[in-house]
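Colleague: The structure that follows is given in the form of structure tokens.
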Amino acid sequence: MMWGGGWQTNNASSSSVLSLDEAEGAIKDYIDDYRSDEELHIGEIMIFDNHAYAEVVEEETGIGAFEVLVDPDNLTVFPEMGPNMMWNLKYGHMGGGMMGRGSNSSNAEMSISSEEAIQIASEYLSTNGSDLTVGDDADPFYGYYTIYTLKDGEVYGMLSVNGYDGEVFLHTWHGEFVEMTEHKDDSNSD
């Protein structure tokens, strides 16, 4: 399926693996160009063998604004597909965000708590015969949570849980996990 800058997202390895510094530079440029009423910063970056993933967070609220991917071949940054576009009530495509550039406001309160989201995710993996487990944290976004999946106790990938109806969406486009970093006190300025 084609997304963002016309990059074919799949689990095949790219011709190159991004470094954290390359991904961070591209994502900071993207944030600097993004028009929003909120101040935004990088929450975390995960490097996979086929792209980089980043969580972009609102400065004031600490809530995840949106998720992006970075093409390792041309450093194009674009919105992550799936829940980020479908369930994100403030910044997502369906909520008026990504295409409307964050103009829609939304209440961050969801009827499913982060603890319940982790339980739902764990039950989903178990029920579907997966050998994956879930991490201990559910990162909140406007309308959903994103949770690490683990294999043998190590980060493997991610899944998302809708914060209102509990629907689970497994992120199948990430390749093999390489490394990650968190930017807890980061800002989008140098």
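By order of appearance in the structure tokens: chains A, B, ..., then residues from 1 within every chain, and ligands from 1 in the order shown.
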Show which residues sit within 12 Å of Gly25 of chain A, as a VMD selection string. Count only C-alpha atoms, and ignore same-chain residues fewer than 6 positions away.

Modeller: chain A and resid 18 to 19 31 to 32 42 45 52 54 70 75 to 77 188 to 190

Colleague: Within 12 Å of segment 109-115 of chain A, which residues of segment 19-92 of chain A come that close, and what is the closest atom pair and distance in Å for each? Count only C-alpha atoms and give it as JSON lines.

Modeller:
{"residue": "A:Ile63", "atom": "CA", "partner": "A:Glu109", "partner_atom": "CA", "distance": 10.8}
{"residue": "A:Trp87", "atom": "CA", "partner": "A:Met110", "partner_atom": "CA", "distance": 11.8}
{"residue": "A:Asn88", "atom": "CA", "partner": "A:Met110", "partner_atom": "CA", "distance": 11.8}
{"residue": "A:Leu89", "atom": "CA", "partner": "A:Met110", "partner_atom": "CA", "distance": 11.0}

Colleague: With C-alpha atoms retained, could you export that selection as a PDB file, in the first residue's frame?

Modeller:
ATOM      1  CA  ILE A  63      -0.429  13.511  25.194  1.00  0.00           C
ATOM      2  CA  TRP A  87      -8.658   6.853  15.385  1.00  0.00           C
ATOM      3  CA  ASN A  88      -6.740  10.061  16.159  1.00  0.00           C
ATOM      4  CA  LEU A  89      -9.570  12.449  16.999  1.00  0.00           C
TER       5      LEU A  89
END

Colleague: Would you please extract all strand (DSSP E) residues from segment 14-145 of chain A, as assigned by DSSP on the backbone, and give them as a PyMOL selection string?

Modeller: chain A and resi 40-48+51-58+64-70+77-79+133-141+144-145

Colleague: Write the residues of the preceding selection, restricted to N, CA and C atoms, as an mmCIF file, in the first residue's frame.

Modeller:
data_model
loop_
_atom_site.group_PDB
_atom_site.id
_atom_site.type_symbol
_atom_site.label_atom_id
_atom_site.label_comp_id
_atom_site.auth_asym_id
_atom_site.auth_seq_id
_atom_site.Cartn_x
_atom_site.Cartn_y
_atom_site.Cartn_z
ATOM 1 N N LEU A 40 4.873 21.122 19.821
ATOM 2 C CA LEU A 40 5.086 19.688 19.673
ATOM 3 C C LEU A 40 6.568 19.345 19.801
ATOM 4 N N HIS A 41 6.859 18.133 20.283
ATOM 5 C CA HIS A 41 8.232 17.647 20.343
ATOM 6 C C HIS A 41 8.249 16.127 20.127
ATOM 7 N N ILE A 42 9.438 15.607 19.881
ATOM 8 C CA ILE A 42 9.614 14.168 19.701
ATOM 9 C C ILE A 42 9.518 13.492 21.057
ATOM 10 N N GLY A 43 8.648 12.485 21.161
ATOM 11 C CA GLY A 43 8.527 11.714 22.387
ATOM 12 C C GLY A 43 9.467 10.527 22.399
ATOM 13 N N GLU A 44 9.561 9.831 21.275
ATOM 14 C CA GLU A 44 10.491 8.715 21.146
ATOM 15 C C GLU A 44 10.716 8.439 19.675
ATOM 16 N N ILE A 45 11.834 7.801 19.400
ATOM 17 C CA ILE A 45 12.149 7.342 18.048
ATOM 18 C C ILE A 45 12.511 5.874 18.151
ATOM 19 N N MET A 46 11.946 5.074 17.248
ATOM 20 C CA MET A 46 12.293 3.660 17.156
ATOM 21 C C MET A 46 12.826 3.408 15.753
ATOM 22 N N ILE A 47 13.953 2.755 15.668
ATOM 23 C CA ILE A 47 14.534 2.400 14.378
ATOM 24 C C ILE A 47 14.216 0.939 14.091
ATOM 25 N N PHE A 48 13.631 0.710 12.934
ATOM 26 C CA PHE A 48 13.401 -0.637 12.420
ATOM 27 C C PHE A 48 14.272 -0.788 11.175
ATOM 28 N N HIS A 51 12.453 1.306 8.302
ATOM 29 C CA HIS A 51 12.091 2.717 8.476
ATOM 30 C C HIS A 51 12.313 3.125 9.926
ATOM 31 N N ALA A 52 12.078 4.401 10.188
ATOM 32 C CA ALA A 52 12.067 4.874 11.582
ATOM 33 C C ALA A 52 10.637 5.237 11.926
ATOM 34 N N TYR A 53 10.296 5.100 13.185
ATOM 35 C CA TYR A 53 8.993 5.458 13.727
ATOM 36 C C TYR A 53 9.240 6.509 14.793
ATOM 37 N N ALA A 54 8.339 7.496 14.897
ATOM 38 C CA ALA A 54 8.445 8.464 15.993
ATOM 39 C C ALA A 54 7.075 8.817 16.524
ATOM 40 N N GLU A 55 7.060 9.051 17.817
ATOM 41 C CA GLU A 55 5.884 9.541 18.516
ATOM 42 C C GLU A 55 6.106 11.049 18.716
ATOM 43 N N VAL A 56 5.156 11.859 18.253
ATOM 44 C CA VAL A 56 5.222 13.303 18.427
ATOM 45 C C VAL A 56 4.208 13.671 19.507
ATOM 46 N N VAL A 57 4.658 14.439 20.519
ATOM 47 C CA VAL A 57 3.889 14.695 21.726
ATOM 48 C C VAL A 57 3.619 16.191 21.886
ATOM 49 N N GLU A 58 2.456 16.513 22.441
ATOM 50 C CA GLU A 58 2.145 17.902 22.771
ATOM 51 C C GLU A 58 2.953 18.316 24.000
ATOM 52 N N GLY A 64 0.214 12.154 23.297
ATOM 53 C CA GLY A 64 0.694 11.932 21.948
ATOM 54 C C GLY A 64 -0.172 12.668 20.940
ATOM 55 N N ALA A 65 0.468 13.471 20.109
ATOM 56 C CA ALA A 65 -0.248 14.184 19.058
ATOM 57 C C ALA A 65 -0.459 13.263 17.859
ATOM 58 N N PHE A 66 0.620 12.693 17.373
ATOM 59 C CA PHE A 66 0.533 11.794 16.222
ATOM 60 C C PHE A 66 1.805 10.978 16.106
ATOM 61 N N GLU A 67 1.776 9.991 15.202
ATOM 62 C CA GLU A 67 2.895 9.102 14.950
ATOM 63 C C GLU A 67 3.318 9.253 13.500
ATOM 64 N N VAL A 68 4.636 9.217 13.259
ATOM 65 C CA VAL A 68 5.153 9.359 11.905
ATOM 66 C C VAL A 68 6.152 8.249 11.602
ATOM 67 N N LEU A 69 6.364 8.026 10.317
ATOM 68 C CA LEU A 69 7.391 7.118 9.825
ATOM 69 C C LEU A 69 8.371 7.919 8.992
ATOM 70 N N VAL A 70 9.616 7.433 8.905
ATOM 71 C CA VAL A 70 10.644 8.088 8.105
ATOM 72 C C VAL A 70 11.209 7.075 7.131
ATOM 73 N N VAL A 77 9.330 12.171 5.769
ATOM 74 C CA VAL A 77 8.551 11.903 6.969
ATOM 75 C C VAL A 77 7.081 12.003 6.603
ATOM 76 N N PHE A 78 6.288 11.034 7.037
ATOM 77 C CA PHE A 78 4.863 11.041 6.722
ATOM 78 C C PHE A 78 4.078 10.370 7.828
ATOM 79 N N PRO A 79 2.774 10.692 7.933
ATOM 80 C CA PRO A 79 1.933 10.118 8.989
ATOM 81 C C PRO A 79 1.901 8.596 8.917
ATOM 82 N N THR A 133 3.962 -10.736 23.656
ATOM 83 C CA THR A 133 3.325 -10.200 24.847
ATOM 84 C C THR A 133 3.316 -8.678 24.704
ATOM 85 N N VAL A 134 2.773 -7.975 25.686
ATOM 86 C CA VAL A 134 2.721 -6.515 25.609
ATOM 87 C C VAL A 134 3.581 -5.890 26.696
ATOM 88 N N GLY A 135 4.009 -4.650 26.422
ATOM 89 C CA GLY A 135 4.780 -3.890 27.395
ATOM 90 C C GLY A 135 3.900 -3.395 28.527
ATOM 91 N N ASP A 136 4.525 -2.714 29.481
ATOM 92 C CA ASP A 136 3.829 -2.231 30.676
ATOM 93 C C ASP A 136 3.196 -0.860 30.513
ATOM 94 N N ASP A 137 3.474 -0.170 29.417
ATOM 95 C CA ASP A 137 2.969 1.188 29.221
ATOM 96 C C ASP A 137 2.102 1.278 27.976
ATOM 97 N N ALA A 138 1.046 2.074 28.099
ATOM 98 C CA ALA A 138 0.167 2.377 26.965
ATOM 99 C C ALA A 138 0.262 3.876 26.721
ATOM 100 N N ASP A 139 0.901 4.266 25.627
ATOM 101 C CA ASP A 139 1.069 5.686 25.306
ATOM 102 C C ASP A 139 -0.244 6.250 24.792
ATOM 103 N N PRO A 140 -0.791 7.274 25.471
ATOM 104 C CA PRO A 140 -2.085 7.826 25.058
ATOM 105 C C PRO A 140 -1.972 8.811 23.896
ATOM 106 N N PHE A 141 -2.903 8.686 22.973
ATOM 107 C CA PHE A 141 -3.116 9.632 21.883
ATOM 108 C C PHE A 141 -4.578 10.049 21.974
ATOM 109 N N TYR A 144 -6.896 6.775 21.220
ATOM 110 C CA TYR A 144 -6.337 5.422 21.253
ATOM 111 C C TYR A 144 -5.040 5.406 22.051
ATOM 112 N N TYR A 145 -4.540 4.192 22.277
ATOM 113 C CA TYR A 145 -3.261 3.962 22.943
ATOM 114 C C TYR A 145 -2.373 3.156 22.005
#

Colleague: From segment 45-123 of chain A, collect each residue whose DSSP state is helix (DSSP H, G or I) and return the set as a VMD selection string.

Modeller: chain A and resid 83 to 86 114 to 123

Colleague: Compare A:Glu38, A:Tyr30, A:His174, A:Gly129 by their minimum atom-to-atom distance to Met81 of chain A, counting only C-alpha atoms, and give me the closest one.

Modeller: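 Using only C-alpha atoms, Met81 of chain A sits closest to A:His174.
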
Colleague: What does the structure give for the distance between atom CA of Tyr164 of chain A and atom CA of Ala117 of chain A, in Å to one decimal?

Modeller: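 One can read the atom CA of Tyr164 of chain A to atom CA of Ala117 of chain A distance as 9.9 Å.
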
Colleague: To one decimal place in Å, what is the distance between atom CA of Asp73 of chain A and atom CA of Ser16 of chain A?

Modeller: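 Result for atom CA of Asp73 of chain A versus atom CA of Ser16 of chain A: 6.6 Å, one decimal.
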
Colleague: Go through A:Glu39, A:Thr146, A:Val155, A:Glu22 one by one, measure the shortest atom-to-atom distance of each to Gly62 of chain A using only C-alpha atoms, and give the residue with the smallest value.

Modeller: A:Glu39

Colleague: Atom CA of Gly82 of chain A and atom CA of Tyr142 of chain A are how many Å apart?

Modeller: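 Computed distance, atom CA of Gly82 of chain A to atom CA of Tyr142 of chain A, equals 13.8 Å.
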
Colleague: I need the residue nearest His171 of chain A from this list: A:Asn84, A:Asn74, A:Thr61, A:Ser130. Use only C-alpha atoms for the distance.

Modeller: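 Looking at the shortest contact to His171 of chain A, the residue is A:Asn84.
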